[in-house]
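Trainee: Structure file final-v8.cif (mmCIF, C-alpha atoms) is given on the next line.
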data_start
#
loop_
_atom_site.label_atom_id
_atom_site.label_comp_id
_atom_site.auth_asym_id
_atom_site.auth_seq_id
_atom_site.Cartn_x
_atom_site.Cartn_y
_atom_site.Cartn_z
CA MET H 2 -2.05 -16.74 20.76
CA SER H 3 -1.89 -13.06 19.80
CA ILE H 4 -0.64 -11.84 16.43
CA LYS H 5 2.85 -10.35 16.57
CA PRO H 6 3.29 -7.22 14.43
CA LYS H 7 5.84 -7.91 11.69
CA LEU H 8 5.19 -5.37 8.93
CA GLY H 9 7.38 -2.27 8.80
CA LEU H 10 6.54 0.97 7.01
CA PHE H 11 7.89 -0.17 3.63
CA ASP H 12 6.18 -3.58 3.83
CA THR H 13 2.85 -2.03 4.75
CA THR H 14 3.11 0.54 1.96
CA MET H 15 3.71 -2.24 -0.58
CA VAL H 16 0.68 -4.15 0.72
CA VAL H 17 -1.50 -1.03 0.37
CA ILE H 18 -0.30 -0.53 -3.21
CA SER H 19 -1.01 -4.17 -4.09
CA LEU H 20 -4.53 -3.88 -2.60
CA VAL H 21 -5.44 -0.85 -4.71
CA ILE H 22 -3.74 -1.48 -8.05
CA GLY H 23 -5.89 -3.73 -10.21
CA ILE H 24 -6.47 -4.07 -13.92
CA GLY H 25 -9.31 -1.57 -14.12
CA ILE H 26 -6.87 1.16 -15.19
CA PHE H 27 -6.43 -0.75 -18.46
CA ARG H 28 -10.19 -0.80 -19.13
CA THR H 29 -12.12 1.96 -17.36
CA PRO H 30 -10.58 5.22 -18.75
CA SER H 31 -12.78 5.04 -21.87
CA ILE H 32 -15.89 4.74 -19.68
CA VAL H 33 -14.82 7.70 -17.54
CA ALA H 34 -14.14 9.77 -20.66
CA ARG H 35 -17.50 8.97 -22.27
CA ASN H 36 -19.36 9.74 -19.05
CA THR H 37 -17.58 12.98 -18.14
CA GLY H 38 -17.57 14.32 -21.70
CA ASN H 39 -14.54 16.61 -21.53
CA THR H 40 -10.88 16.59 -20.56
CA GLU H 41 -11.23 18.72 -17.42
CA LEU H 42 -13.96 16.59 -15.84
CA PHE H 43 -12.14 13.44 -16.90
CA PHE H 44 -9.02 14.30 -14.90
CA LEU H 45 -11.06 15.81 -12.04
CA ALA H 46 -12.88 12.48 -11.66
CA TRP H 47 -9.56 10.70 -11.17
CA VAL H 48 -8.35 13.30 -8.64
CA ILE H 49 -11.60 13.17 -6.63
CA GLY H 50 -11.65 9.38 -6.82
CA GLY H 51 -8.11 9.26 -5.46
CA ILE H 52 -8.95 11.58 -2.56
CA ILE H 53 -12.00 9.49 -1.63
CA CYS H 54 -9.85 6.35 -1.84
CA LEU H 55 -7.37 7.95 0.58
CA LEU H 56 -10.14 8.91 3.04
CA GLY H 57 -11.57 5.41 2.87
CA GLY H 58 -8.21 3.82 3.59
CA LEU H 59 -7.74 5.95 6.71
CA ILE H 60 -11.29 5.36 7.97
CA PHE H 61 -11.20 1.60 7.47
CA ALA H 62 -7.77 1.37 9.08
CA GLU H 63 -9.27 2.77 12.29
CA ILE H 64 -12.31 0.47 12.11
CA GLY H 65 -10.11 -2.55 11.44
CA GLY H 66 -7.98 -1.77 14.48
CA LYS H 67 -11.06 -1.77 16.69
CA LYS H 68 -12.80 -4.85 15.32
CA SER H 69 -11.75 -7.99 13.48
CA PHE H 70 -13.18 -8.36 9.98
CA ALA H 71 -13.21 -12.16 9.78
CA GLY H 72 -16.16 -13.12 7.60
CA GLY H 73 -16.33 -9.83 5.75
CA TYR H 74 -18.27 -6.90 7.19
CA TYR H 75 -20.43 -9.14 9.37
CA LYS H 76 -18.87 -8.70 12.80
CA VAL H 77 -18.30 -4.95 12.75
CA VAL H 78 -21.78 -4.08 11.41
CA SER H 79 -23.36 -6.65 13.70
CA GLU H 80 -21.85 -5.02 16.75
CA ALA H 81 -22.63 -1.45 15.68
CA TYR H 82 -26.15 -2.00 14.36
CA ASN H 83 -27.80 -5.39 14.25
CA PRO H 84 -26.80 -8.95 13.25
CA ALA H 85 -29.66 -9.05 10.75
CA ILE H 86 -28.41 -5.92 8.93
CA ALA H 87 -24.88 -7.33 8.98
CA PHE H 88 -26.10 -10.58 7.45
CA MET H 89 -28.11 -8.72 4.79
CA LEU H 90 -25.00 -6.79 3.70
CA ASN H 91 -22.86 -9.91 3.56
CA TRP H 92 -25.66 -11.78 1.80
CA LEU H 93 -25.77 -9.03 -0.81
CA GLY H 94 -22.00 -9.24 -1.17
CA ILE H 95 -22.02 -13.00 -1.55
CA ILE H 96 -24.94 -13.23 -3.98
CA ILE H 97 -24.22 -10.18 -6.15
CA THR H 98 -21.12 -8.06 -5.52
CA SER H 99 -18.41 -10.73 -5.35
CA GLY H 100 -19.81 -12.75 -8.25
CA ALA H 101 -20.39 -9.67 -10.40
CA THR H 102 -16.89 -8.30 -9.71
CA PHE H 103 -15.30 -11.60 -10.66
CA ALA H 104 -17.44 -11.73 -13.81
CA ALA H 105 -16.40 -8.16 -14.74
CA VAL H 106 -12.69 -9.00 -14.45
CA SER H 107 -13.22 -12.20 -16.44
CA ILE H 108 -14.80 -10.11 -19.22
CA ILE H 109 -11.73 -7.82 -19.23
CA ALA H 110 -9.51 -10.90 -19.35
CA SER H 111 -11.47 -12.31 -22.28
CA GLU H 112 -11.24 -9.01 -24.19
CA TYR H 113 -7.46 -8.87 -23.82
CA LEU H 114 -7.12 -12.58 -24.63
CA ILE H 115 -9.07 -12.08 -27.86
CA GLN H 116 -6.87 -9.08 -28.65
CA ALA H 117 -3.73 -11.12 -27.91
CA ILE H 118 -4.56 -14.01 -30.24
CA GLY H 119 -5.75 -11.64 -32.97
CA ASP H 120 -6.71 -13.40 -36.19
CA VAL H 121 -4.87 -16.62 -35.29
CA GLN H 122 -8.10 -18.54 -34.71
CA PRO H 123 -8.35 -21.49 -37.11
CA PHE H 124 -11.67 -22.86 -35.85
CA VAL H 125 -13.45 -19.65 -34.82
CA ASN H 126 -14.48 -16.53 -36.67
CA PRO H 127 -12.36 -13.68 -35.18
CA ASP H 128 -15.21 -11.21 -35.66
CA PHE H 129 -17.57 -13.45 -33.65
CA LEU H 130 -15.21 -13.51 -30.66
CA LYS H 131 -15.29 -9.71 -30.56
CA THR H 132 -19.06 -9.70 -30.09
CA ILE H 133 -20.68 -9.69 -26.63
CA THR H 134 -21.55 -13.37 -27.02
CA GLY H 135 -18.00 -14.25 -28.08
CA LYS H 136 -16.51 -12.42 -25.11
CA LYS H 137 -18.92 -14.20 -22.75
CA ILE H 138 -17.94 -17.61 -24.12
CA VAL H 139 -14.22 -16.89 -23.73
CA ALA H 140 -14.78 -15.48 -20.22
CA GLY H 141 -16.78 -18.58 -19.26
CA ILE H 142 -14.00 -20.88 -20.48
CA LEU H 143 -11.37 -18.94 -18.50
CA VAL H 144 -13.50 -19.07 -15.36
CA PHE H 145 -14.12 -22.80 -15.74
CA ILE H 146 -10.41 -23.55 -16.15
CA LEU H 147 -9.44 -21.53 -13.06
CA PHE H 148 -12.16 -23.02 -10.88
CA PHE H 149 -11.29 -26.55 -12.07
CA ILE H 150 -7.62 -26.02 -11.18
CA ASN H 151 -8.55 -24.75 -7.72
CA TYR H 152 -11.06 -27.56 -7.26
CA LEU H 153 -8.20 -30.01 -7.72
CA GLY H 154 -6.31 -28.18 -5.00
CA ILE H 155 -3.57 -26.68 -7.16
CA LYS H 156 -2.87 -23.20 -5.77
CA SER H 157 -0.66 -20.31 -6.79
CA GLY H 158 1.93 -19.17 -4.29
CA ALA H 159 2.47 -15.70 -2.86
CA ILE H 160 5.51 -15.26 -5.11
CA PHE H 161 3.32 -15.55 -8.22
CA LEU H 162 0.88 -12.97 -6.84
CA ASN H 163 3.76 -10.58 -6.10
CA ILE H 164 5.02 -11.01 -9.66
CA ILE H 165 1.55 -10.11 -10.94
CA THR H 166 1.58 -6.88 -8.89
CA VAL H 167 5.04 -5.99 -10.21
CA LEU H 168 3.87 -6.68 -13.79
CA LYS H 169 0.98 -4.25 -13.41
CA ILE H 170 3.18 -1.53 -11.95
CA LEU H 171 5.83 -2.00 -14.64
CA THR H 172 3.20 -1.84 -17.39
CA ILE H 173 1.89 1.44 -16.00
CA LEU H 174 5.41 2.87 -15.67
CA PHE H 175 6.25 1.70 -19.19
CA PHE H 176 3.43 3.73 -20.73
CA ILE H 177 4.17 6.75 -18.55
CA ILE H 178 7.86 6.83 -19.53
CA ILE H 179 7.40 6.12 -23.23
CA SER H 180 4.71 8.81 -23.58
CA PHE H 181 7.31 11.48 -22.75
CA PHE H 182 9.41 10.46 -25.74
CA TYR H 183 6.68 9.59 -28.24
CA PRO H 184 4.98 12.35 -30.24
CA SER H 185 1.34 13.14 -29.57
CA SER H 186 -1.16 11.47 -31.91
CA TYR H 187 -4.43 13.22 -31.19
CA ASN H 188 -5.91 12.05 -34.45
CA TYR H 189 -5.46 8.41 -33.54
CA SER H 190 -8.74 6.57 -33.01
CA PRO H 191 -9.42 2.84 -32.67
CA GLU H 192 -12.89 3.37 -34.15
CA ASN H 193 -14.09 5.69 -36.89
CA GLU H 194 -17.59 6.39 -35.60
CA PRO H 195 -18.08 9.59 -33.59
CA ILE H 196 -18.60 9.21 -29.85
CA LYS H 197 -21.89 10.32 -28.30
CA PHE H 198 -20.97 11.72 -24.91
CA VAL H 199 -23.27 11.38 -21.92
CA ASN H 200 -23.55 15.10 -21.15
CA ASN H 201 -23.92 18.38 -22.99
CA GLY H 202 -25.19 20.80 -20.31
CA PHE H 203 -24.48 21.87 -16.72
CA TYR H 204 -26.81 19.43 -14.94
CA THR H 205 -26.06 16.56 -17.28
CA SER H 206 -22.36 17.31 -16.77
CA ILE H 207 -22.83 16.87 -13.02
CA PHE H 208 -24.71 13.60 -13.56
CA GLY H 209 -22.07 12.45 -16.05
CA PHE H 210 -19.30 13.33 -13.61
CA PHE H 211 -20.76 11.12 -10.87
CA LEU H 212 -21.35 8.36 -13.40
CA GLY H 213 -17.68 8.67 -14.37
CA LEU H 214 -16.75 8.38 -10.69
CA ARG H 215 -18.46 4.98 -10.72
CA ALA H 216 -15.73 3.61 -13.01
CA VAL H 217 -12.99 5.48 -11.10
CA PHE H 218 -14.14 3.97 -7.79
CA PHE H 219 -14.03 0.52 -9.38
CA THR H 220 -10.43 1.21 -10.42
CA VAL H 221 -9.24 2.58 -7.05
CA GLY H 222 -11.13 0.01 -4.97
CA GLY H 223 -9.35 -2.12 -2.40
CA TYR H 224 -8.70 0.58 0.21
CA GLN H 225 -11.35 -0.98 2.49
CA LEU H 226 -9.10 -4.03 2.86
CA THR H 227 -6.67 -1.97 4.94
CA THR H 228 -8.81 -3.19 7.87
CA ASN H 229 -6.83 -6.43 7.71
CA LEU H 230 -3.50 -4.71 8.39
CA SER H 231 -3.99 -3.25 11.86
CA ALA H 232 -2.73 -6.17 13.95
CA ASP H 233 0.27 -6.84 11.72
CA VAL H 234 1.91 -3.40 11.58
CA LYS H 235 4.79 -2.39 13.82
CA ASN H 236 4.28 0.96 15.58
CA GLN H 237 0.73 0.93 14.22
CA LYS H 238 -0.27 4.41 15.33
CA LYS H 239 2.49 6.01 13.24
CA ASN H 240 3.24 3.54 10.45
CA LEU H 241 -0.28 2.50 9.42
CA PRO H 242 -1.63 5.96 8.43
CA LEU H 243 1.75 6.88 6.89
CA ALA H 244 1.77 3.69 4.81
CA ILE H 245 -1.83 4.23 3.68
CA VAL H 246 -1.18 7.85 2.69
CA THR H 247 2.09 6.97 0.94
CA GLY H 248 0.68 3.91 -0.83
CA VAL H 249 -2.55 5.53 -2.00
CA VAL H 250 -0.80 8.74 -3.11
CA LEU H 251 1.70 6.71 -5.15
CA VAL H 252 -1.10 4.72 -6.79
CA ILE H 253 -3.13 7.82 -7.63
CA LEU H 254 -0.04 9.54 -9.06
CA LEU H 255 0.57 6.47 -11.22
CA TYR H 256 -3.07 6.54 -12.36
CA LEU H 257 -2.96 10.26 -13.15
CA PHE H 258 0.30 9.94 -15.06
CA ILE H 259 -0.87 6.98 -17.10
CA ASN H 260 -4.12 8.78 -17.93
CA PHE H 261 -2.06 11.75 -19.03
CA SER H 262 -0.03 9.33 -21.17
CA TYR H 263 -3.24 8.00 -22.70
CA TYR H 264 -4.32 11.58 -23.37
CA LYS H 265 -0.97 12.64 -24.85
CA LEU H 266 -0.83 9.76 -27.30
CA LEU H 267 -4.49 9.16 -28.11
CA GLY H 268 -6.21 12.44 -27.31
CA PHE H 269 -9.49 12.68 -25.39
CA GLU H 270 -11.61 11.27 -28.20
CA GLY H 271 -9.13 8.45 -28.68
CA ILE H 272 -9.49 7.54 -24.98
CA SER H 273 -13.27 7.66 -25.31
CA LYS H 274 -13.25 5.13 -28.15
CA SER H 275 -10.60 2.80 -26.74
CA ASP H 276 -11.98 0.07 -24.49
CA LEU H 277 -8.69 -1.87 -24.61
CA ILE H 278 -6.65 1.26 -24.16
CA ALA H 279 -3.33 -0.37 -23.22
CA ALA H 280 -3.45 -2.61 -26.28
CA ASP H 281 -4.35 0.35 -28.52
CA MET H 282 -1.45 2.41 -27.17
CA ALA H 283 0.96 -0.46 -27.69
CA ASN H 284 -0.39 -0.91 -31.21
CA LEU H 285 0.18 2.79 -31.93
CA ILE H 286 3.79 2.65 -30.70
CA PHE H 287 4.98 -0.84 -31.62
CA GLY H 288 2.39 -2.22 -34.01
CA SER H 289 0.31 -5.39 -33.67
CA LEU H 290 3.08 -7.45 -32.02
CA GLY H 291 3.47 -4.89 -29.23
CA SER H 292 -0.30 -4.82 -28.80
CA ARG H 293 -0.40 -8.58 -28.40
CA ILE H 294 2.45 -8.64 -25.88
CA ILE H 295 0.82 -5.99 -23.69
CA SER H 296 -2.50 -7.82 -23.97
CA ILE H 297 -0.85 -11.00 -22.69
CA VAL H 298 0.67 -9.10 -19.73
CA ILE H 299 -2.74 -7.68 -18.77
CA LEU H 300 -4.38 -11.08 -19.28
CA ILE H 301 -1.87 -12.60 -16.84
CA SER H 302 -2.63 -9.82 -14.35
CA ALA H 303 -6.37 -10.47 -14.66
CA ILE H 304 -5.88 -14.20 -14.16
CA GLY H 305 -3.73 -13.49 -11.09
CA TYR H 306 -6.52 -11.41 -9.54
CA MET H 307 -9.15 -14.03 -10.41
CA ASN H 308 -7.10 -16.85 -8.92
CA ALA H 309 -6.40 -14.91 -5.71
CA THR H 310 -10.13 -14.20 -5.39
CA ILE H 311 -10.98 -17.88 -5.83
CA MET H 312 -8.49 -18.68 -3.07
CA HIS H 313 -9.78 -16.24 -0.42
CA THR H 314 -13.54 -15.90 -1.07
CA PRO H 315 -14.49 -19.42 0.11
CA ARG H 316 -12.57 -18.64 3.31
CA ALA H 317 -15.02 -15.79 3.96
CA TYR H 318 -17.87 -18.28 3.47
CA HIS H 319 -16.16 -20.53 6.00
CA ALA H 320 -15.86 -17.72 8.56
CA MET H 321 -19.55 -16.85 8.21
CA ALA H 322 -20.53 -20.50 8.57
CA THR H 323 -18.36 -20.68 11.70
CA ASP H 324 -20.36 -17.73 13.07
CA LYS H 325 -23.55 -19.67 12.23
CA VAL H 326 -24.83 -17.21 9.65
CA LEU H 327 -24.34 -19.61 6.73
CA PRO H 328 -25.15 -23.34 6.56
CA LYS H 329 -22.50 -25.77 7.80
CA ILE H 330 -21.92 -27.09 4.29
CA PHE H 331 -19.85 -23.93 3.62
CA MET H 332 -17.44 -25.13 6.34
CA LYS H 333 -16.87 -28.48 4.69
CA VAL H 334 -13.24 -28.87 3.61
CA ASN H 335 -11.75 -31.74 1.66
CA GLU H 336 -9.22 -33.23 4.08
CA LYS H 337 -6.96 -34.39 1.27
CA ASN H 338 -6.45 -31.12 -0.63
CA GLN H 339 -7.98 -28.55 1.80
CA VAL H 340 -10.49 -27.39 -0.84
CA GLN H 341 -13.91 -26.03 0.14
CA GLU H 342 -15.66 -27.86 -2.65
CA PHE H 343 -19.20 -26.60 -2.04
CA GLY H 344 -17.98 -23.02 -1.62
CA LEU H 345 -16.12 -23.20 -4.94
CA ILE H 346 -19.12 -24.65 -6.78
CA PHE H 347 -21.39 -22.00 -5.26
CA MET H 348 -19.04 -19.19 -6.28
CA PHE H 349 -18.56 -20.62 -9.79
CA THR H 350 -22.33 -20.75 -10.33
CA LEU H 351 -22.75 -17.10 -9.34
CA VAL H 352 -19.93 -15.93 -11.63
CA ILE H 353 -21.29 -17.82 -14.63
CA PHE H 354 -24.75 -16.41 -13.93
CA PHE H 355 -23.47 -12.83 -14.17
CA ILE H 356 -21.43 -13.54 -17.28
CA ILE H 357 -24.50 -14.94 -19.03
CA THR H 358 -27.11 -12.43 -17.87
CA GLN H 359 -25.21 -9.13 -18.12
CA GLU H 360 -24.48 -7.38 -21.42
CA GLY H 361 -20.78 -6.79 -21.14
CA PHE H 362 -18.41 -5.07 -18.72
CA GLU H 363 -20.15 -1.71 -18.36
CA LYS H 364 -23.49 -3.26 -17.45
CA ILE H 365 -21.85 -5.42 -14.80
CA LEU H 366 -20.08 -2.29 -13.52
CA ASN H 367 -23.44 -0.69 -12.65
CA VAL H 368 -24.44 -3.74 -10.61
CA ILE H 369 -21.12 -3.86 -8.78
CA MET H 370 -20.86 -0.21 -7.85
CA PHE H 371 -24.44 0.26 -6.63
CA ASN H 372 -24.07 -2.66 -4.22
CA ASP H 373 -20.44 -2.26 -3.26
CA LEU H 374 -20.50 1.47 -2.56
CA LEU H 375 -23.73 1.14 -0.57
CA SER H 376 -22.20 -1.63 1.55
CA ILE H 377 -18.93 0.25 2.05
CA ALA H 378 -20.79 3.45 3.05
CA ILE H 379 -22.90 1.60 5.63
CA THR H 380 -19.84 -0.18 7.02
CA ALA H 381 -17.81 3.04 7.16
CA SER H 382 -20.59 4.66 9.18
CA VAL H 383 -19.81 2.36 12.13
CA ILE H 384 -16.93 4.71 12.93
CA PHE H 385 -19.56 7.03 14.45
CA PHE H 386 -20.77 4.19 16.67
CA PHE H 387 -17.28 3.37 17.94
CA ARG H 388 -16.39 7.03 18.58
CA HIS H 389 -19.73 7.59 20.37
CA ARG H 390 -19.19 4.50 22.54
CA GLU H 391 -15.72 5.69 23.49
CA ARG H 392 -17.08 9.05 24.65
CA LYS H 393 -20.03 7.49 26.45
CA LEU H 394 -17.96 4.89 28.32
CA ASN H 395 -14.98 7.22 28.68
CA GLU H 396 -12.77 4.70 26.91
CA LYS H 397 -9.37 5.64 25.56
CA TRP H 398 -8.39 4.17 22.19
CA GLU H 399 -4.62 3.80 21.96
CA GLY H 400 -4.54 2.69 18.34
CA TYR H 401 -4.75 4.68 15.12
CA LYS H 402 -7.50 7.31 14.71
CA SER H 403 -8.45 8.81 11.36
CA PRO H 404 -8.00 12.61 11.28
CA LEU H 405 -10.54 15.47 11.07
CA TYR H 406 -13.40 13.47 12.54
CA PRO H 407 -16.36 13.69 11.77
CA VAL H 408 -15.82 15.82 8.62
CA LEU H 409 -13.81 13.32 6.58
CA PRO H 410 -16.07 10.31 7.28
CA ILE H 411 -19.13 12.38 6.30
CA ILE H 412 -17.51 13.51 3.03
CA PHE H 413 -16.47 9.93 2.28
CA ILE H 414 -19.92 8.44 2.93
CA VAL H 415 -21.79 11.19 1.02
CA PHE H 416 -19.65 10.72 -2.10
CA LEU H 417 -20.11 6.96 -2.03
CA LEU H 418 -23.87 7.27 -1.65
CA LEU H 419 -24.13 9.81 -4.50
CA VAL H 420 -22.24 7.53 -6.89
CA SER H 421 -24.24 4.50 -5.71
CA ILE H 422 -27.51 6.33 -6.35
CA ARG H 423 -26.27 7.43 -9.79
CA SER H 424 -25.46 3.81 -10.63
CA PHE H 425 -28.95 2.79 -9.50
CA TYR H 426 -30.48 5.42 -11.77
CA GLU H 427 -28.35 4.23 -14.69
CA ASP H 428 -29.62 0.65 -14.40
CA PHE H 429 -32.92 0.80 -12.53
CA ILE H 430 -33.87 -2.85 -13.04
CA ALA H 431 -30.52 -4.15 -11.75
CA GLY H 432 -30.86 -1.80 -8.77
CA ILE H 433 -34.33 -3.10 -7.93
CA VAL H 434 -33.09 -6.68 -8.17
CA SER H 435 -30.19 -5.83 -5.86
CA LEU H 436 -32.51 -4.26 -3.30
CA GLY H 437 -34.76 -7.30 -3.57
CA VAL H 438 -31.80 -9.59 -2.82
CA PHE H 439 -30.79 -7.33 0.08
CA PHE H 440 -34.23 -7.40 1.74
CA LEU H 441 -34.63 -11.12 1.02
CA GLY H 442 -31.65 -11.55 3.30
CA TYR H 443 -33.79 -10.69 6.34
CA PRO H 444 -36.16 -13.69 6.26
CA ILE H 445 -33.24 -15.91 5.25
CA TYR H 446 -31.30 -14.65 8.28
CA LYS H 447 -34.25 -15.39 10.56
CA ILE H 448 -34.64 -18.90 9.17
CA LEU H 449 -30.92 -19.69 9.32
CA ASN H 450 -30.53 -18.14 12.77
CA LYS H 451 -33.39 -20.21 14.15
CA LYS H 452 -32.25 -23.42 12.48
CA LEU H 453 -28.50 -23.16 13.10
CA ASN H 454 -28.77 -22.04 16.72
CA ASN H 455 -31.21 -24.73 17.88
#
If you convert what's in this file into structure tokens, what do you get?

Mentor:
Amino acid sequence: MSIKPKLGLFDTTMVVISLVIGIGIFRTPSIVARNTGNTELFFLAWVIGGIICLLGGLIFAEIGGKKSFAGGYYKVVSEAYNPAIAFMLNWLGIIITSGATFAAVSIIASEYLIQAIGDVQPFVNPDFLKTITGKKIVAGILVFILFFINYLGIKSGAIFLNIITVLKILTILFFIIISFFYPSSYNYSPENEPIKFVNNGFYTSIFGFFLGLRAVFFTVGGYQLTTNLSADVKNQKKNLPLAIVTGVVLVILLYLFINFSYYKLLGFEGISKSDLIAADMANLIFGSLGSRIISIVILISAIGYMNATIMHTPRAYHAMATDKVLPKIFMKVNEKNQVQEFGLIFMFTLVIFFIITQEGFEKILNVIMFNDLLSIAITASVIFFFRHRERKLNEKWEGYKSPLYPVLPIIFIVFLLLVSIRSFYEDFIAGIVSLGVFFLGYPIYKILNKKLNN
């Protein structure tokens, strides 16, 4: 039974916006500011990041129309290159990227939770919770609770997830609007110590800029998921690219405006020192109560993302097991509550591992972006394979095609690789470990392929 297109232009645009808007915008601006070192490069990083996000959305929309993405990147890379390479990329995503991303969001959630409860902690020293160890403990507790709820089979509905998306958008709009009426406070600073910026010369400015892009790309990520929309969009050739352009442009405008709001109220140095920037802005405007309310809103948004991830990630495991590239145990589903118990336990273990072993959000960010951008760049490159095959076989593709081929795909891939390499340089040991995991996937693929296909 074929899928009947049911999404119009407005529906598709809203889906694109929900895919891109996360909670990174409430955490990453301080990292971008510290890395870029000045106001001009700070805003340029957000503009360039938005453009790359737009290119990626258009490229992956074409790829998704040509090949189903069930099981992650496996099928499309397998067809274009080799099943072993496809497995190695998915293996890297399963072992490192997905677990590390979830851990990073759980750290953000813990930071805002600690900010929300403030000093109302009768059995715990408030200062301890603000340490790296304290944040890890809180993050671990949040993760355990969410996984336990999902293990029991209690799931959030689509309505709840839509409310979460609306909450994030309203929070962004709130700060944008109020900044126009509130006087600038450039002297405001959450911390008193001076900031040591990453760069102070031309070459170090370039390196700092690409390091800043690492955090921007984390914030604007999600565009690659537009691959899942192709079969569901009415008048795909016209509406899909228009929805992607409209959705991404709206998101980037929101991000630019809220960063300008941060800058207007806190100043560049204030942004640099403010890890929990939304809470600090609310504290500046409304005092501690406002800070706590905003922190709760962002905490809810983080939990919404985490819960949605718990719901769909085991399904990717299931799809890979169906394709016989993961053991059958990943296909096992509890008949009573439809829970993939082994998949949940496996995912939980990976997340807790990253929370324990990594020193806070920024360290996890290096791990995520090196792996994720490398995987996305390799997957995006399959567009050259599909275009070449069309010319060779004289095929005519009736669906959507991304514009200005091959210039835009080349620009997209080069930028991703440059930022990935910069992330590797920033955390060499984590990069070596990631490469080790990637190459370990080859013998594992051979063993699994031989065992599962006999």

Trainee: Go ahead and compute the interatomic distance for atom CA of Asn372 of chain H and atom CA of Ser424 of chain H, in Å to one decimal.

Mentor: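 So the answer is 9.2 Å.
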
Trainee: Quick one: which residues end up in the PyMOL selection byres ((chain H and resi 301) around 12) for this structure, as a ChimeraX atom specification?

Mentor: /H:23-24,106-107,109-111,113-114,117,143,161-162,164-169,172,294-300,302-308

Trainee: Applying the PyMOL selection byres ((chain H and resi 404-412) around 12) to the file I just gave you, which residues come out? Please list them as a ChimeraX atom specification.

Mentor: /H:49,52-64,238,242,246,377-386,388-389,401-403,413-419

Trainee: Just say which residues the PyMOL selection byres ((chain H and resi 421) around 12) picks in this file, as a ChimeraX atom specification.

Mentor: /H:211-216,218-219,366-379,414-420,422-429,432,435

Trainee: How many Å lie between atom CA of Ser180 of chain H and atom CA of Leu285 of chain H, rounded to one decimal?

Mentor: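 So the answer is 11.2 Å.
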
Trainee: If you measure from atom CA of Phe203 of chain H to atom CA of Lys265 of chain H, what distance in Å do you get, rounded to one decimal?

Mentor: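 One can read the atom CA of Phe203 of chain H to atom CA of Lys265 of chain H distance as 26.5 Å.
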
Trainee: Have a look at H:Thr134, H:Thr102, H:Thr29, H:Thr37 and name the one nearest to Thr310 of chain H; count all atoms listed in the file.

Mentor: H:Thr102

Trainee: Compare H:Leu290, H:Leu251, H:Ile311, H:Ile353 by their minimum atom-to-atom distance to Ile170 of chain H, counting only C-alpha atoms, and give me the closest one.

Mentor: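 Answer, going by the shortest atom-to-atom distance: H:Leu251.
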
Trainee: Extract, using all atoms listed in the file, all DNA, RNA and protein residues at most 12 Å from Asn260 of chain H, discarding same-chain residues fewer than 3 positions from it, and format them as a CSV table (one decimal) with C-alpha atoms, in the frame of the given file.

Mentor:
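Contents of out_36.csv, as written:
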chain,number,residue,atom,x,y,z
H,26,ILE,CA,-6.9,1.2,-15.2
H,27,PHE,CA,-6.4,-0.8,-18.5
H,28,ARG,CA,-10.2,-0.8,-19.1
H,29,THR,CA,-12.1,2.0,-17.4
H,30,PRO,CA,-10.6,5.2,-18.8
H,31,SER,CA,-12.8,5.0,-21.9
H,33,VAL,CA,-14.8,7.7,-17.5
H,34,ALA,CA,-14.1,9.8,-20.7
H,40,THR,CA,-10.9,16.6,-20.6
H,43,PHE,CA,-12.1,13.4,-16.9
H,44,PHE,CA,-9.0,14.3,-14.9
H,45,LEU,CA,-11.1,15.8,-12.0
H,46,ALA,CA,-12.9,12.5,-11.7
H,47,TRP,CA,-9.6,10.7,-11.2
H,48,VAL,CA,-8.4,13.3,-8.6
H,173,ILE,CA,1.9,1.4,-16.0
H,174,LEU,CA,5.4,2.9,-15.7
H,176,PHE,CA,3.4,3.7,-20.7
H,177,ILE,CA,4.2,6.8,-18.6
H,180,SER,CA,4.7,8.8,-23.6
H,217,VAL,CA,-13.0,5.5,-11.1
H,253,ILE,CA,-3.1,7.8,-7.6
H,254,LEU,CA,0.0,9.5,-9.1
H,255,LEU,CA,0.6,6.5,-11.2
H,256,TYR,CA,-3.1,6.5,-12.4
H,257,LEU,CA,-3.0,10.3,-13.2
H,263,TYR,CA,-3.2,8.0,-22.7
H,264,TYR,CA,-4.3,11.6,-23.4
H,265,LYS,CA,-1.0,12.6,-24.8
H,266,LEU,CA,-0.8,9.8,-27.3
H,267,LEU,CA,-4.5,9.2,-28.1
H,268,GLY,CA,-6.2,12.4,-27.3
H,269,PHE,CA,-9.5,12.7,-25.4
H,271,GLY,CA,-9.1,8.4,-28.7
H,272,ILE,CA,-9.5,7.5,-25.0
H,273,SER,CA,-13.3,7.7,-25.3
H,278,ILE,CA,-6.6,1.3,-24.2
H,279,ALA,CA,-3.3,-0.4,-23.2
H,282,MET,CA,-1.4,2.4,-27.2

Trainee: In terms of the shortest atom-to-atom distance over only C-alpha atoms, which of H:Val326, H:Ala244, H:Val21, H:Val77 is closest to Thr220 of chain H?

Mentor: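 Smallest distance to Thr220 of chain H is found for H:Val21.
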
Trainee: So which one's closest to Val352 of chain H, H:Pro84, H:Gly141, H:Gly38, H:Gly248? Using only C-alpha atoms, please.

Mentor: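 Ranking H:Pro84, H:Gly141, H:Gly38, H:Gly248 by distance to Val352 of chain H, first place goes to H:Gly141.
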
Trainee: Nearest to Phe347 of chain H: which of H:Glu270, H:Glu80, H:Ile96, H:Leu277 is it, counting all atoms listed in the file?

Mentor: H:Ile96
